[in-house]
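Have a look at the structure below, then the notes.
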Amino acid sequence: MAGDDCDSSKPKPPPPAAEGAGEVVEGPVAADKALHALGFEFTRIGAREVAGRLPVTDTCFQPFGVLNGGVSALVAESTASVGAFMASGYRRVAGVQLSINHLRPARLGDVVRAQAVPVQLGRSIQVWEVQIWRADPSTGECRDLVSTARVTMLIITNPSRPEEMSTHQASIKKYAKL
């Protein structure tokens with residue numbers, strides 16, 4: 001990941017041509033209500049990368065004391081959705097396919113870090129790759145790959161937007177100016 005995130009070995013994707021693509025948000029952000037309710041904090045939001053962290057608490061673990069796979073799927077789809085929203089020039093997006101592999105457990109008390117990067121930024125379809133890592137408790141650096149996901153997003157080009165989309169766009173743009 002870029003900066004203090006996990007996978008620096010991955011090549012950076014080409015810059016998107018969509019408007020708003022140059023805006024980047026860094027620092028803790030609550031851009032998704034469901035993730036925020038679980039304790040997830042976005043640390044970077046941009047059209048080329050979305051990153052964040054989640055402490056594994058009793059709210060998001062399964063009965064065996066490990067991170068619930070559904071929570072990992074929510075992290076993957078939500079981070080990809082925020083990135084696709086920005087990369088599309090703040091158009092409405094919808095997840096149409098999610099494939100996730102759970103590789104290792106993250107246990108109660110661990111902190112996981114997530115990074116979403118675009119694989120393909122088309123005008124009507126975007127594909128994002130999301131990796132979720134267990135962070136080293138002493139350094140915060142990524143230690144073990146917990147999950148990897150591929151998310152396909154549909155960009156909705158209908159110019160009419162519900163009121164909620166305008167509110168969401170204003171919220172993301174506000175954080176993009178940090």
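Quick note on naming: the chains in the structure tokens go A, B, ... in the order shown, residues restart at 1 in each chain, and ligands are numbered from 1 in order of appearance.
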Would you list, as a ChimeraX atom specification, the residues of segment 19-174 of chain A that end up in helix (DSSP H, G or I) under DSSP run on this structure's backbone?
-> /A:33-38,69-87,163-174
Who sits within 12 Å of Arg107 of chain A, only C-alpha atoms, same chain under 2 positions skipped, as a ChimeraX atom specification = /A:54-58,60-69,104-105,109-112,133-135,144,146
Spatial neighbours of Leu154 of chain A, 8 Å, only C-alpha atoms, chain gap at least 6 places, as a ChimeraX atom specification = /A:93-96,124-126
Selected residues, all heavy atoms, written as a PDB file, in the first residue's frame, please.
```pdb
ATOM      1  N   VAL A  93     -23.016   4.843  -8.181  1.00  0.00           N
ATOM      2  CA  VAL A  93     -22.404   3.551  -8.487  1.00  0.00           C
ATOM      3  C   VAL A  93     -23.174   2.457  -7.759  1.00  0.00           C
ATOM      4  O   VAL A  93     -23.832   2.709  -6.753  1.00  0.00           O
ATOM      5  CB  VAL A  93     -20.908   3.512  -8.074  1.00  0.00           C
ATOM      6  CG1 VAL A  93     -20.106   4.549  -8.846  1.00  0.00           C
ATOM      7  CG2 VAL A  93     -20.730   3.701  -6.580  1.00  0.00           C
ATOM      8  N   ALA A  94     -23.064   1.250  -8.297  1.00  0.00           N
ATOM      9  CA  ALA A  94     -23.702   0.095  -7.659  1.00  0.00           C
ATOM     10  C   ALA A  94     -22.794  -1.113  -7.834  1.00  0.00           C
ATOM     11  O   ALA A  94     -22.291  -1.356  -8.934  1.00  0.00           O
ATOM     12  CB  ALA A  94     -25.066  -0.181  -8.287  1.00  0.00           C
ATOM     13  N   GLY A  95     -22.579  -1.837  -6.762  1.00  0.00           N
ATOM     14  CA  GLY A  95     -21.808  -3.066  -6.849  1.00  0.00           C
ATOM     15  C   GLY A  95     -22.628  -4.131  -7.568  1.00  0.00           C
ATOM     16  O   GLY A  95     -23.790  -4.342  -7.234  1.00  0.00           O
ATOM     17  N   VAL A  96     -22.028  -4.770  -8.573  1.00  0.00           N
ATOM     18  CA  VAL A  96     -22.745  -5.808  -9.312  1.00  0.00           C
ATOM     19  C   VAL A  96     -22.115  -7.182  -9.130  1.00  0.00           C
ATOM     20  O   VAL A  96     -22.722  -8.185  -9.482  1.00  0.00           O
ATOM     21  CB  VAL A  96     -22.881  -5.467 -10.820  1.00  0.00           C
ATOM     22  CG1 VAL A  96     -23.768  -4.245 -11.002  1.00  0.00           C
ATOM     23  CG2 VAL A  96     -21.530  -5.256 -11.477  1.00  0.00           C
ATOM     24  N   SER A 124     -18.560   2.788 -17.847  1.00  0.00           N
ATOM     25  CA  SER A 124     -19.774   2.187 -17.294  1.00  0.00           C
ATOM     26  C   SER A 124     -19.482   1.065 -16.301  1.00  0.00           C
ATOM     27  O   SER A 124     -20.334   0.728 -15.489  1.00  0.00           O
ATOM     28  CB  SER A 124     -20.667   1.663 -18.421  1.00  0.00           C
ATOM     29  OG  SER A 124     -19.966   0.705 -19.194  1.00  0.00           O
ATOM     30  N   ILE A 125     -18.289   0.488 -16.353  1.00  0.00           N
ATOM     31  CA  ILE A 125     -17.904  -0.583 -15.426  1.00  0.00           C
ATOM     32  C   ILE A 125     -16.518  -0.274 -14.867  1.00  0.00           C
ATOM     33  O   ILE A 125     -15.614   0.101 -15.600  1.00  0.00           O
ATOM     34  CB  ILE A 125     -17.853  -1.959 -16.144  1.00  0.00           C
ATOM     35  CG1 ILE A 125     -19.240  -2.392 -16.613  1.00  0.00           C
ATOM     36  CG2 ILE A 125     -17.209  -3.022 -15.263  1.00  0.00           C
ATOM     37  CD1 ILE A 125     -20.155  -2.887 -15.518  1.00  0.00           C
ATOM     38  N   GLN A 126     -16.384  -0.450 -13.561  1.00  0.00           N
ATOM     39  CA  GLN A 126     -15.075  -0.357 -12.913  1.00  0.00           C
ATOM     40  C   GLN A 126     -14.833  -1.663 -12.152  1.00  0.00           C
ATOM     41  O   GLN A 126     -15.777  -2.248 -11.617  1.00  0.00           O
ATOM     42  CB  GLN A 126     -15.011   0.811 -11.923  1.00  0.00           C
ATOM     43  CG  GLN A 126     -15.095   2.163 -12.557  1.00  0.00           C
ATOM     44  CD  GLN A 126     -14.914   3.275 -11.539  1.00  0.00           C
ATOM     45  OE1 GLN A 126     -14.512   3.068 -10.401  1.00  0.00           O
ATOM     46  NE2 GLN A 126     -15.222   4.491 -11.963  1.00  0.00           N
TER      47      GLN A 126
END
```
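Among the candidates A:Lys174, A:Ala116, A:Ser166, A:Leu35, the residue lying nearest to Ala76 of chain A is A:Ala116 (atoms considered: only C-alpha atoms).
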If we count only C-alpha atoms, what is near His36 of chain A at a cut-off of 12 Å, once residues fewer than 5 positions away on the same chain are taken out, given as a list in words?
-> Pro28, Val29, Ala30, Ala31, Glu41, Phe42, Gly52, Arg53, Leu54, Pro55, Thr59, Cys60, Val71, Leu74, Val75, Ser78 and Thr79 of chain A
Quote the spacing between atom CA of Glu77 of chain A and atom CA of Pro137 of chain A in Å to one decimal place.
-> 25.6 Å
Which of segment 18-150 of chain A fall in strand (DSSP E), as a PyMOL selection string = chain A and resi 24-29+41-46+50-55+92-102+111-121+125-135+142-150
Selected residue, from A:Val127, A:Ile155, A:Gly83, A:Lys173, that lies nearest to Gln97 of chain A when counting only C-alpha atoms = A:Val127
By how many Å are atom CA of Trp128 of chain A and atom CA of Ala149 of chain A apart?
-> 8.2 Å
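For the set A:Val151, A:Ala84, A:Ile45, A:Ile172, the residue with the smallest atom-to-atom gap to Gly122 of chain A is A:Ala84, counting only C-alpha atoms.
Pairwise distance (atom CA of Arg150 of chain A, atom CA of Thr167 of chain A) equals 27.4 Å.
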